[in-house]
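A.B. asks: Handing you this structure, nothing more for now.
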Amino acid sequence: AKPAITGPVLQGVIFMPSDAAFDKFLSSPTINGTGLTLDILEANPSIVQEILAGHIIWDTVITGNGTYMTVMGEANVTVTLDSEGLVSSFERASGVIDGFQDVPTVASIEGYTPQNANGHVAMITGGAAANGRIFFVDQVIVSQALVEKVAKQASPAGGKWQKELESLAGNPTFNEAVELINLEGLESIKSLIDGKEDFTMFMPNDKALAGLAEQYGLTTEDFKSKIRRDPSLARNMLETYIVMGDVNEGTGGEYQTENENFLTVEVEQGKGVTGITVSDKENGSTRKLFSADKGGVSGKAAFLNGQTMFSLDDAPLTAEQQNIFKAALENSAGTTSPSFLLLAATLAVFTALLSL
């Protein structure tokens, strides 16, 4: 194994971006457009580690101008030395990143330390005067893979999730879901999406919600009108599509949702996640899948902070939810009595017990 940067036998050169370098990096159009900020970097040390790893040459004695391997394990940094054997500039060996021309690829040296300045870079035999020094640079130099990773991982906060999901194949739209999330009473869901916690959410697109409305003989507008009278319907439905943390996209499996119901992730080899089924929460110590309502998945967007959203083409409901929605949405008076909802929920549980 290679020694750590703080190890006593490390041979290498460290290029340390200045504060101004990070400011320029974050404000460049490509990076700024992803929503990446200093706060997000601080909350995601793995990204910082990956950035800095591209600025460290280790276990290598610099002998002259040339391309050297960084901690990233690629021969991806070209070093230029001056007449005294000190680094005057370093750059990505492959040059400008195609499609991201505004991302810096060449850095100039603003200063440097004596050899072994960190008290650990040692055991240098031969080579140029650059070895064992920390050089301060005016640009953050990153690999194309990292830029693409960050570009695809825009934070979902502030509605960016909608843009990301709507760029998936087929260009699904999510205007109806946005309306639901902004309803009074759904603040917890909006806060989760705008926050920094890890979660996986299967977000119903407009097609899914239109299909749900049609099941109850309603237009989408009539459906939303009835939901506005009782936003708890929307909250309960959407919470059934939220799993805190990651789901296994290789094997699938069953997960407890934000409202303590259950969601089963279905996968197909070579295709990843293809759908979900939902079922009601446990009844005592026994639970039986008496609702297998399924929703198809047509794509996903991965974000910073371990947040993942899938485009849901259908809006499946558990058996209990189906009874409650039927009572609320088909109520001819247009209002939903709390006692009636309680009765519907009780009947659903009773039906479940009979099926055990």
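Going through the structure tokens in order, the chains are called A, B, and so on, while each chain numbers its residues from 1 and the ligands are numbered from 1 in the order shown.
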From a DSSP calculation on the backbone, collect every residue of region 145-260 of chain A in helix (DSSP H, G or I) and output the set as a count of residues only.
C.D. replies: 60
A.B. asks: Determine, counting only C-alpha atoms, which protein, DNA and RNA residues have an atom within 12 Å of an atom of region 126-131 of chain A; residues of the same chain fewer than 2 positions away are not included. Present the result as JSON, numbers by chain.
C.D. replies: {"A": [10, 11, 12, 13, 14, 15, 56, 57, 58, 59, 60, 61, 62, 63, 64, 65, 79, 80, 81, 82, 83, 84, 85, 86, 87, 88, 89, 109, 111, 112, 113, 114, 115, 116, 117, 121, 122, 123, 124, 133, 134, 135]}
A.B. asks: For the residues in the current selection, export N, CA and C atoms as a compact mmCIF listing (two decimals), in the first residue's frame.
C.D. replies:
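again20.txt written:
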# COMPACT_ATOMS: atom_id res chain seq x y z
N LEU A 10 7.05 9.24 2.48
CA LEU A 10 6.43 9.68 1.23
C LEU A 10 7.41 10.51 0.40
N GLN A 11 7.52 10.16 -0.87
CA GLN A 11 8.24 10.99 -1.83
C GLN A 11 7.19 11.62 -2.73
N GLY A 12 7.18 12.90 -2.86
CA GLY A 12 6.16 13.49 -3.70
C GLY A 12 6.17 15.00 -3.71
N VAL A 13 5.23 15.55 -4.46
CA VAL A 13 5.05 16.99 -4.59
C VAL A 13 3.57 17.27 -4.38
N ILE A 14 3.27 18.31 -3.62
CA ILE A 14 1.88 18.69 -3.36
C ILE A 14 1.62 20.05 -3.99
N PHE A 15 0.55 20.14 -4.78
CA PHE A 15 0.12 21.41 -5.36
C PHE A 15 -1.12 21.85 -4.60
N ILE A 56 -1.70 15.97 -6.21
CA ILE A 56 -0.61 15.36 -5.43
C ILE A 56 0.10 14.30 -6.28
N ILE A 57 1.39 14.46 -6.44
CA ILE A 57 2.22 13.43 -7.05
C ILE A 57 2.97 12.75 -5.91
N TRP A 58 2.83 11.43 -5.78
CA TRP A 58 3.49 10.77 -4.66
C TRP A 58 4.20 9.50 -5.11
N ASP A 59 5.10 9.07 -4.26
CA ASP A 59 5.91 7.89 -4.56
C ASP A 59 6.63 8.03 -5.89
N THR A 60 6.94 9.24 -6.26
CA THR A 60 7.62 9.50 -7.53
C THR A 60 8.64 10.62 -7.34
N VAL A 61 9.83 10.40 -7.82
CA VAL A 61 10.85 11.45 -7.79
C VAL A 61 10.77 12.23 -9.10
N ILE A 62 10.53 13.53 -9.01
CA ILE A 62 10.47 14.39 -10.20
C ILE A 62 11.91 14.54 -10.72
N THR A 63 12.12 14.15 -11.97
CA THR A 63 13.47 14.24 -12.54
C THR A 63 13.58 15.30 -13.63
N GLY A 64 12.45 15.77 -14.14
CA GLY A 64 12.48 16.77 -15.19
C GLY A 64 11.09 17.04 -15.72
N ASN A 65 10.99 17.82 -16.79
CA ASN A 65 9.70 18.08 -17.42
C ASN A 65 9.08 16.75 -17.86
N VAL A 79 4.17 18.39 -15.74
CA VAL A 79 4.91 19.33 -14.90
C VAL A 79 5.99 20.00 -15.74
N THR A 80 6.09 21.31 -15.60
CA THR A 80 7.14 22.08 -16.26
C THR A 80 8.06 22.67 -15.20
N LEU A 81 9.37 22.46 -15.35
CA LEU A 81 10.34 22.97 -14.39
C LEU A 81 11.06 24.18 -14.94
N ASP A 82 11.52 25.06 -14.05
CA ASP A 82 12.34 26.20 -14.47
C ASP A 82 13.81 25.81 -14.42
N SER A 83 14.67 26.78 -14.64
CA SER A 83 16.10 26.50 -14.72
C SER A 83 16.69 26.02 -13.41
N GLU A 84 16.01 26.27 -12.30
CA GLU A 84 16.51 25.84 -10.99
C GLU A 84 15.92 24.50 -10.56
N GLY A 85 15.10 23.89 -11.43
CA GLY A 85 14.51 22.60 -11.09
C GLY A 85 13.24 22.70 -10.27
N LEU A 86 12.67 23.89 -10.17
CA LEU A 86 11.43 24.10 -9.45
C LEU A 86 10.27 24.12 -10.44
N VAL A 87 9.08 23.73 -9.97
CA VAL A 87 7.92 23.69 -10.86
C VAL A 87 7.46 25.11 -11.17
N SER A 88 7.28 25.42 -12.44
CA SER A 88 6.77 26.73 -12.84
C SER A 88 5.30 26.66 -13.24
N SER A 89 4.83 25.48 -13.64
CA SER A 89 3.41 25.28 -13.94
C SER A 89 3.11 23.79 -14.01
N ILE A 109 2.34 28.73 -10.63
CA ILE A 109 2.84 28.62 -9.26
C ILE A 109 2.92 30.01 -8.64
N GLY A 111 3.95 30.37 -5.33
CA GLY A 111 4.94 30.29 -4.25
C GLY A 111 5.18 28.84 -3.88
N TYR A 112 6.15 28.62 -3.01
CA TYR A 112 6.45 27.25 -2.62
C TYR A 112 7.18 27.24 -1.29
N THR A 113 7.20 26.08 -0.66
CA THR A 113 7.85 25.93 0.64
C THR A 113 9.23 25.30 0.46
N PRO A 114 10.02 25.30 1.51
CA PRO A 114 11.27 24.54 1.46
C PRO A 114 10.96 23.05 1.35
N GLN A 115 11.93 22.24 1.00
CA GLN A 115 11.72 20.80 0.99
C GLN A 115 11.37 20.31 2.39
N ASN A 116 10.53 19.28 2.44
CA ASN A 116 10.12 18.67 3.70
C ASN A 116 9.41 19.65 4.62
N ALA A 117 8.71 20.62 4.05
CA ALA A 117 8.09 21.66 4.87
C ALA A 117 7.02 21.11 5.80
N VAL A 121 7.54 14.74 4.20
CA VAL A 121 8.01 14.37 2.88
C VAL A 121 9.51 14.18 2.96
N ALA A 122 9.98 12.96 2.83
CA ALA A 122 11.37 12.67 3.11
C ALA A 122 11.92 11.61 2.17
N MET A 123 13.16 11.21 2.43
CA MET A 123 13.82 10.14 1.71
C MET A 123 13.88 10.43 0.21
N ILE A 124 14.22 11.64 -0.15
CA ILE A 124 14.34 12.01 -1.56
C ILE A 124 15.80 11.84 -1.96
N ARG A 133 8.38 19.43 -1.93
CA ARG A 133 7.88 20.78 -1.65
C ARG A 133 6.36 20.84 -1.81
N ILE A 134 5.79 21.85 -1.19
CA ILE A 134 4.38 22.20 -1.39
C ILE A 134 4.36 23.45 -2.24
N PHE A 135 3.71 23.37 -3.42
CA PHE A 135 3.60 24.52 -4.31
C PHE A 135 2.18 25.09 -4.23
A.B. asks: Using only C-alpha atoms, which of A:Gly253, A:Gly195, A:Gly54, A:Gly272 sits nearest Pro156 (chain A)?
C.D. replies: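 Checking each candidate against Pro156 (chain A), we get A:Gly195 as the closest.
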A.B. asks: List as a CSV table (one decimal) with all heavy atoms, in the first residue's frame the protein and nucleic acid residues near Met309 (chain A), meaning an atom at most 12 Å away when only C-alpha atoms are counted, but skip any in the same chain fewer than 5 places from it.
C.D. replies:
chain,number,residue,atom,x,y,z
A,153,GLN,N,-24.4,15.9,-10.8
A,153,GLN,CA,-24.8,15.8,-9.4
A,153,GLN,C,-25.2,17.1,-8.8
A,153,GLN,O,-24.9,17.5,-7.7
A,153,GLN,CB,-23.7,15.2,-8.5
A,153,GLN,CG,-23.5,13.7,-8.8
A,153,GLN,CD,-22.4,13.1,-7.9
A,153,GLN,OE1,-21.5,13.8,-7.5
A,153,GLN,NE2,-22.6,11.8,-7.6
A,154,ALA,N,-25.9,17.9,-9.6
A,154,ALA,CA,-26.4,19.2,-9.1
A,154,ALA,C,-27.3,18.9,-7.9
A,154,ALA,O,-28.1,18.0,-7.9
A,154,ALA,CB,-27.2,19.9,-10.2
A,155,SER,N,-27.2,19.8,-6.9
A,155,SER,CA,-28.0,19.6,-5.7
A,155,SER,C,-29.5,19.8,-6.1
A,155,SER,O,-29.9,20.6,-6.9
A,155,SER,CB,-27.7,20.7,-4.7
A,155,SER,OG,-28.6,20.7,-3.7
A,156,PRO,N,-30.4,18.9,-5.5
A,156,PRO,CA,-31.8,19.0,-5.8
A,156,PRO,C,-32.4,20.3,-5.2
A,156,PRO,O,-33.6,20.6,-5.5
A,156,PRO,CB,-32.4,17.7,-5.2
A,156,PRO,CG,-31.4,17.4,-4.1
A,156,PRO,CD,-30.1,17.8,-4.6
A,160,LYS,N,-33.7,22.4,-8.6
A,160,LYS,CA,-32.9,21.8,-9.6
A,160,LYS,C,-33.2,20.4,-9.9
A,160,LYS,O,-32.9,19.9,-11.0
A,160,LYS,CB,-31.4,22.0,-9.2
A,160,LYS,CG,-30.9,23.4,-9.2
A,160,LYS,CD,-29.4,23.5,-9.0
A,160,LYS,CE,-28.9,24.9,-9.1
A,160,LYS,NZ,-28.8,25.6,-7.9
A,161,TRP,N,-33.8,19.7,-9.0
A,161,TRP,CA,-34.2,18.3,-9.2
A,161,TRP,C,-35.1,18.2,-10.4
A,161,TRP,O,-35.0,17.2,-11.2
A,161,TRP,CB,-34.8,17.7,-8.0
A,161,TRP,CG,-36.1,18.3,-7.6
A,161,TRP,CD1,-36.4,19.3,-6.7
A,161,TRP,CD2,-37.4,17.9,-8.1
A,161,TRP,NE1,-37.7,19.6,-6.6
A,161,TRP,CE2,-38.4,18.7,-7.5
A,161,TRP,CE3,-37.9,17.0,-9.0
A,161,TRP,CZ2,-39.7,18.6,-7.7
A,161,TRP,CZ3,-39.2,16.9,-9.3
A,161,TRP,CH2,-40.2,17.7,-8.7
A,162,GLN,N,-36.0,19.2,-10.6
A,162,GLN,CA,-37.0,19.1,-11.7
A,162,GLN,C,-36.3,19.2,-13.0
A,162,GLN,O,-36.6,18.4,-13.9
A,162,GLN,CB,-38.0,20.2,-11.5
A,162,GLN,CG,-39.1,20.2,-12.6
A,162,GLN,CD,-40.2,21.3,-12.4
A,162,GLN,OE1,-40.0,22.1,-11.5
A,162,GLN,NE2,-41.2,21.2,-13.2
A,163,LYS,N,-35.3,20.1,-13.1
A,163,LYS,CA,-34.6,20.2,-14.4
A,163,LYS,C,-33.8,18.9,-14.7
A,163,LYS,O,-33.8,18.5,-15.8
A,163,LYS,CB,-33.6,21.4,-14.2
A,163,LYS,CG,-32.7,21.6,-15.5
A,163,LYS,CD,-31.8,22.8,-15.3
A,163,LYS,CE,-30.9,22.9,-16.5
A,163,LYS,NZ,-29.9,24.1,-16.3
A,164,GLU,N,-33.2,18.3,-13.7
A,164,GLU,CA,-32.5,17.1,-13.9
A,164,GLU,C,-33.4,16.0,-14.4
A,164,GLU,O,-33.0,15.2,-15.3
A,164,GLU,CB,-31.7,16.7,-12.6
A,164,GLU,CG,-30.6,17.7,-12.2
A,164,GLU,CD,-29.5,17.7,-13.2
A,164,GLU,OE1,-29.0,16.7,-13.7
A,164,GLU,OE2,-29.1,18.9,-13.6
A,165,LEU,N,-34.5,15.8,-13.7
A,165,LEU,CA,-35.4,14.7,-14.0
A,165,LEU,C,-36.0,14.9,-15.4
A,165,LEU,O,-36.3,14.0,-16.2
A,165,LEU,CB,-36.5,14.5,-13.0
A,165,LEU,CG,-36.0,13.9,-11.6
A,165,LEU,CD1,-37.2,13.8,-10.7
A,165,LEU,CD2,-35.4,12.5,-11.8
A,166,GLU,N,-36.3,16.2,-15.7
A,166,GLU,CA,-37.0,16.5,-17.0
A,166,GLU,C,-36.0,16.4,-18.2
A,166,GLU,O,-36.5,16.4,-19.3
A,166,GLU,CB,-37.6,17.8,-17.0
A,166,GLU,CG,-38.9,17.9,-16.0
A,166,GLU,CD,-39.6,19.2,-16.0
A,166,GLU,OE1,-39.0,20.2,-16.5
A,166,GLU,OE2,-40.7,19.2,-15.5
A,168,LEU,N,-34.3,13.6,-18.6
A,168,LEU,CA,-34.2,12.2,-18.8
A,168,LEU,C,-34.8,11.8,-20.2
A,168,LEU,O,-35.5,12.6,-20.8
A,168,LEU,CB,-34.9,11.4,-17.7
A,168,LEU,CG,-34.3,11.5,-16.3
A,168,LEU,CD1,-35.2,10.9,-15.3
A,168,LEU,CD2,-32.9,10.9,-16.3
A,193,ILE,N,-36.1,17.6,0.5
A,193,ILE,CA,-35.5,17.8,-0.8
A,193,ILE,C,-34.5,18.9,-0.8
A,193,ILE,O,-33.5,18.8,-1.5
A,193,ILE,CB,-36.6,18.0,-1.8
A,193,ILE,CG1,-37.5,16.8,-2.0
A,193,ILE,CG2,-36.0,18.4,-3.2
A,193,ILE,CD1,-38.7,17.0,-2.8
A,198,ASP,N,-29.3,12.2,3.2
A,198,ASP,CA,-29.3,11.2,2.2
A,198,ASP,C,-30.7,10.6,2.0
A,198,ASP,O,-31.3,10.3,3.0
A,198,ASP,CB,-28.3,10.0,2.5
A,198,ASP,CG,-26.9,10.5,2.4
A,198,ASP,OD1,-26.6,11.7,2.2
A,198,ASP,OD2,-26.0,9.6,2.7
A,199,PHE,N,-31.2,10.5,0.8
A,199,PHE,CA,-32.5,9.9,0.6
A,199,PHE,C,-32.6,9.4,-0.8
A,199,PHE,O,-31.9,9.9,-1.7
A,199,PHE,CB,-33.7,10.9,0.9
A,199,PHE,CG,-33.8,12.1,0.0
A,199,PHE,CD1,-34.5,11.9,-1.2
A,199,PHE,CD2,-33.2,13.3,0.2
A,199,PHE,CE1,-34.6,13.0,-2.1
A,199,PHE,CE2,-33.3,14.3,-0.7
A,199,PHE,CZ,-34.0,14.2,-1.8
A,200,THR,N,-33.6,8.5,-1.0
A,200,THR,CA,-34.0,8.1,-2.4
A,200,THR,C,-35.4,8.4,-2.5
A,200,THR,O,-36.2,8.0,-1.6
A,200,THR,CB,-33.7,6.6,-2.6
A,200,THR,OG1,-32.3,6.3,-2.3
A,200,THR,CG2,-34.1,6.2,-4.0
A,201,MET,N,-35.8,9.0,-3.6
A,201,MET,CA,-37.2,9.4,-3.8
A,201,MET,C,-37.7,9.0,-5.2
A,201,MET,O,-37.0,9.2,-6.2
A,201,MET,CB,-37.5,10.8,-3.6
A,201,MET,CG,-39.0,11.2,-3.7
A,201,MET,SD,-39.4,12.9,-3.2
A,201,MET,CE,-41.1,12.9,-3.3
A,202,PHE,N,-38.8,8.3,-5.3
A,202,PHE,CA,-39.4,8.0,-6.5
A,202,PHE,C,-40.5,9.0,-6.8
A,202,PHE,O,-41.6,9.0,-6.2
A,202,PHE,CB,-40.0,6.6,-6.5
A,202,PHE,CG,-39.0,5.5,-6.3
A,202,PHE,CD1,-38.5,5.2,-5.0
A,202,PHE,CD2,-38.4,4.9,-7.4
A,202,PHE,CE1,-37.5,4.2,-4.9
A,202,PHE,CE2,-37.4,3.9,-7.2
A,202,PHE,CZ,-36.9,3.6,-6.0
A,203,MET,N,-40.2,10.0,-7.7
A,203,MET,CA,-41.0,11.2,-7.9
A,203,MET,C,-42.0,10.9,-9.0
A,203,MET,O,-41.6,10.7,-10.2
A,203,MET,CB,-40.2,12.4,-8.2
A,203,MET,CG,-41.0,13.7,-8.3
A,203,MET,SD,-41.6,14.3,-6.8
A,203,MET,CE,-40.2,15.0,-6.0
A,204,PRO,N,-43.3,10.9,-8.7
A,204,PRO,CA,-44.3,10.7,-9.8
A,204,PRO,C,-44.3,11.9,-10.8
A,204,PRO,O,-44.4,13.0,-10.4
A,204,PRO,CB,-45.6,10.6,-9.0
A,204,PRO,CG,-45.4,11.3,-7.7
A,204,PRO,CD,-43.9,11.1,-7.4
A,205,ASN,N,-44.2,11.5,-12.0
A,205,ASN,CA,-44.2,12.6,-13.1
A,205,ASN,C,-45.7,12.9,-13.4
A,205,ASN,O,-46.6,12.4,-12.8
A,205,ASN,CB,-43.4,12.2,-14.3
A,205,ASN,CG,-43.9,10.8,-14.9
A,205,ASN,OD1,-45.0,10.5,-14.9
A,205,ASN,ND2,-42.9,10.0,-15.3
A,241,TYR,N,-43.1,7.1,-1.2
A,241,TYR,CA,-42.1,6.9,-2.3
A,241,TYR,C,-40.7,7.4,-1.8
A,241,TYR,O,-39.8,7.6,-2.6
A,241,TYR,CB,-42.5,7.8,-3.5
A,241,TYR,CG,-43.9,7.5,-4.0
A,241,TYR,CD1,-44.7,8.5,-4.6
A,241,TYR,CD2,-44.4,6.2,-4.0
A,241,TYR,CE1,-45.9,8.2,-5.1
A,241,TYR,CE2,-45.7,5.9,-4.5
A,241,TYR,CZ,-46.4,7.0,-5.0
A,241,TYR,OH,-47.7,6.7,-5.5
A,242,ILE,N,-40.5,7.6,-0.5
A,242,ILE,CA,-39.3,8.1,0.0
A,242,ILE,C,-38.6,7.1,0.9
A,242,ILE,O,-39.3,6.6,1.9
A,242,ILE,CB,-39.5,9.4,0.8
A,242,ILE,CG1,-40.0,10.5,-0.1
A,242,ILE,CG2,-38.1,9.9,1.4
A,242,ILE,CD1,-40.4,11.8,0.6
A,243,VAL,N,-37.4,6.8,0.7
A,243,VAL,CA,-36.6,5.9,1.5
A,243,VAL,C,-35.4,6.7,2.0
A,243,VAL,O,-34.7,7.3,1.2
A,243,VAL,CB,-36.1,4.6,0.7
A,243,VAL,CG1,-35.1,3.8,1.6
A,243,VAL,CG2,-37.3,3.8,0.3
A,244,MET,N,-35.1,6.8,3.3
A,244,MET,CA,-34.0,7.5,3.8
A,244,MET,C,-32.7,6.7,3.5
A,244,MET,O,-32.7,5.5,3.9
A,244,MET,CB,-34.1,7.8,5.3
A,244,MET,CG,-35.3,8.7,5.6
A,244,MET,SD,-35.4,10.2,4.6
A,244,MET,CE,-33.9,11.0,5.2
A,245,GLY,N,-31.8,7.3,2.9
A,245,GLY,CA,-30.5,6.6,2.5
A,245,GLY,C,-30.7,6.0,1.1
A,245,GLY,O,-31.5,6.4,0.3
A,246,ASP,N,-29.8,5.1,0.7
A,246,ASP,CA,-29.7,4.5,-0.6
A,246,ASP,C,-30.6,3.3,-0.7
A,246,ASP,O,-30.9,2.6,0.3
A,246,ASP,CB,-28.3,4.1,-1.0
A,246,ASP,CG,-27.4,5.4,-1.0
A,246,ASP,OD1,-27.9,6.4,-1.4
A,246,ASP,OD2,-26.2,5.2,-0.7
A,247,VAL,N,-30.9,2.9,-1.9
A,247,VAL,CA,-31.5,1.6,-2.2
A,247,VAL,C,-30.5,0.8,-3.1
A,247,VAL,O,-29.7,1.4,-3.8
A,247,VAL,CB,-32.9,1.7,-2.9
A,247,VAL,CG1,-33.9,2.4,-2.1
A,247,VAL,CG2,-32.7,2.3,-4.3
A,273,VAL,N,-32.9,-0.2,-11.8
A,273,VAL,CA,-34.2,-0.2,-11.2
A,273,VAL,C,-35.3,0.1,-12.3
A,273,VAL,O,-35.2,1.0,-13.1
A,273,VAL,CB,-34.3,1.0,-10.2
A,273,VAL,CG1,-35.7,1.1,-9.6
A,273,VAL,CG2,-33.3,0.7,-9.1
A,297,VAL,N,-40.5,2.7,-13.4
A,297,VAL,CA,-39.4,3.7,-13.2
A,297,VAL,C,-38.8,3.8,-14.6
A,297,VAL,O,-38.4,2.8,-15.2
A,297,VAL,CB,-38.4,3.2,-12.2
A,297,VAL,CG1,-37.2,4.1,-12.2
A,297,VAL,CG2,-39.0,3.3,-10.8
A,298,SER,N,-38.6,5.1,-15.0
A,298,SER,CA,-38.1,5.3,-16.4
A,298,SER,C,-36.7,6.0,-16.4
A,298,SER,O,-36.3,6.4,-17.4
A,298,SER,CB,-39.1,6.1,-17.2
A,298,SER,OG,-39.4,7.3,-16.6
A,299,GLY,N,-36.1,6.2,-15.3
A,299,GLY,CA,-34.8,6.9,-15.2
A,299,GLY,C,-34.6,7.5,-13.9
A,299,GLY,O,-35.4,7.5,-13.0
A,300,LYS,N,-33.3,8.0,-13.7
A,300,LYS,CA,-32.9,8.6,-12.4
A,300,LYS,C,-32.0,9.7,-12.6
A,300,LYS,O,-31.3,9.9,-13.6
A,300,LYS,CB,-32.3,7.5,-11.5
A,300,LYS,CG,-30.9,7.2,-11.8
A,300,LYS,CD,-30.2,6.4,-10.7
A,300,LYS,CE,-28.7,6.2,-11.0
A,300,LYS,NZ,-28.0,5.6,-9.9
A,301,ALA,N,-31.9,10.5,-11.5
A,301,ALA,CA,-30.9,11.6,-11.4
A,301,ALA,C,-30.2,11.5,-10.0
A,301,ALA,O,-30.9,11.3,-9.0
A,301,ALA,CB,-31.5,13.0,-11.6
A,302,ALA,N,-28.9,11.5,-10.0
A,302,ALA,CA,-28.2,11.4,-8.8
A,302,ALA,C,-27.6,12.8,-8.4
A,302,ALA,O,-27.1,13.5,-9.3
A,302,ALA,CB,-27.0,10.4,-8.9
A,303,PHE,N,-27.7,13.1,-7.1
A,303,PHE,CA,-27.4,14.5,-6.7
A,303,PHE,C,-26.3,14.4,-5.6
A,303,PHE,O,-25.9,13.3,-5.2
A,303,PHE,CB,-28.6,15.2,-6.1
A,303,PHE,CG,-29.7,15.3,-7.1
A,303,PHE,CD1,-30.7,14.4,-7.1
A,303,PHE,CD2,-29.8,16.3,-8.0
A,303,PHE,CE1,-31.8,14.4,-8.0
A,303,PHE,CE2,-30.8,16.4,-8.9
A,303,PHE,CZ,-31.8,15.5,-8.9
A,304,LEU,N,-25.8,15.5,-5.2
A,304,LEU,CA,-24.9,15.6,-4.1
A,304,LEU,C,-25.5,15.2,-2.8
A,304,LEU,O,-26.7,15.1,-2.7
A,304,LEU,CB,-24.3,17.0,-4.0
A,304,LEU,CG,-23.5,17.6,-5.1
A,304,LEU,CD1,-23.3,19.1,-5.0
A,304,LEU,CD2,-22.2,16.8,-5.2
A.B. asks: What is the CA of Glu214 (chain A)-CA of Phe325 (chain A) distance in Å, reported with one decimal?
C.D. replies: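 Computed distance, CA of Glu214 (chain A) to CA of Phe325 (chain A), equals 12.4 Å.
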A.B. asks: For a quick check of understanding, using only C-alpha atoms, which of A:Gly185, A:Gly306, A:Gly250, A:Gly217 has the smallest distance to Ala234 (chain A)?
C.D. replies: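 Looking only at the distances to Ala234 (chain A), the closest residue turns out to be A:Gly185.
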A.B. asks: Could you state the separation of CA of Asp313 (chain A) and CA of Lys196 (chain A) in Å, given to one decimal place?
C.D. replies: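 Interatomic distance, CA of Asp313 (chain A) to CA of Lys196 (chain A): 26.1 Å.
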A.B. asks: Tell me which of A:Glu42, A:Glu330, A:Met69, A:Val147 sits closest to Lys226 (chain A), counting only C-alpha atoms.
C.D. replies: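 For Lys226 (chain A), the nearest of the candidates is A:Glu330.
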A.B. asks: Leaving out Leu209 (chain A) and any residue of its chain fewer than 3 positions from it, which residues lie within 12 Å of it when counting only C-alpha atoms, given as number ranges by chain?
C.D. replies: A: 172-180, 203-206, 212-216, 218-224, 227, 234, 237-238, 295, 311-317
A.B. asks: For each of A:Lys24, A:Thr240, A:Glu258, A:Asp194, take the minimum atom-to-atom distance to Gln307 (chain A), counting only C-alpha atoms, then give the residue where this is smallest.
C.D. replies: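 When distances to Gln307 (chain A) are compared using only C-alpha atoms, the smallest one comes from A:Asp194.
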A.B. asks: As an exercise, work out the distance from CA of Glu266 (chain A) to CA of Ala319 (chain A) in Å and give it to one decimal place.
C.D. replies: 19.2 Å
A.B. asks: Any idea what's packed within 10 Å of Asp23 (chain A), counting only C-alpha atoms, ignoring anything in its chain fewer than 5 positions away? Could you give it as a PyMOL selection string?
C.D. replies: chain A and resi 18+28+37-38+139-140
A.B. asks: Just list as a VMD selection string whatever in region 35-128 of chain A DSSP marks as strand (DSSP E).
C.D. replies: chain A and resid 56 to 58 66 to 69 75 to 81 87 to 92 106 to 112
A.B. asks: Could you check which of A:Pro29, A:Gly66, A:Gly211, A:Gly252 is closest to Glu268 (chain A), using only C-alpha atoms?
C.D. replies: A:Gly252
A.B. asks: For each of A:Ser191, A:Asn182, A:Gln269, A:Asn171, take the minimum atom-to-atom distance to Lys207 (chain A), counting only C-alpha atoms, then give the residue where this is smallest.
C.D. replies: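 Among A:Ser191, A:Asn182, A:Gln269, A:Asn171, it is A:Asn171 that comes nearest to Lys207 (chain A).
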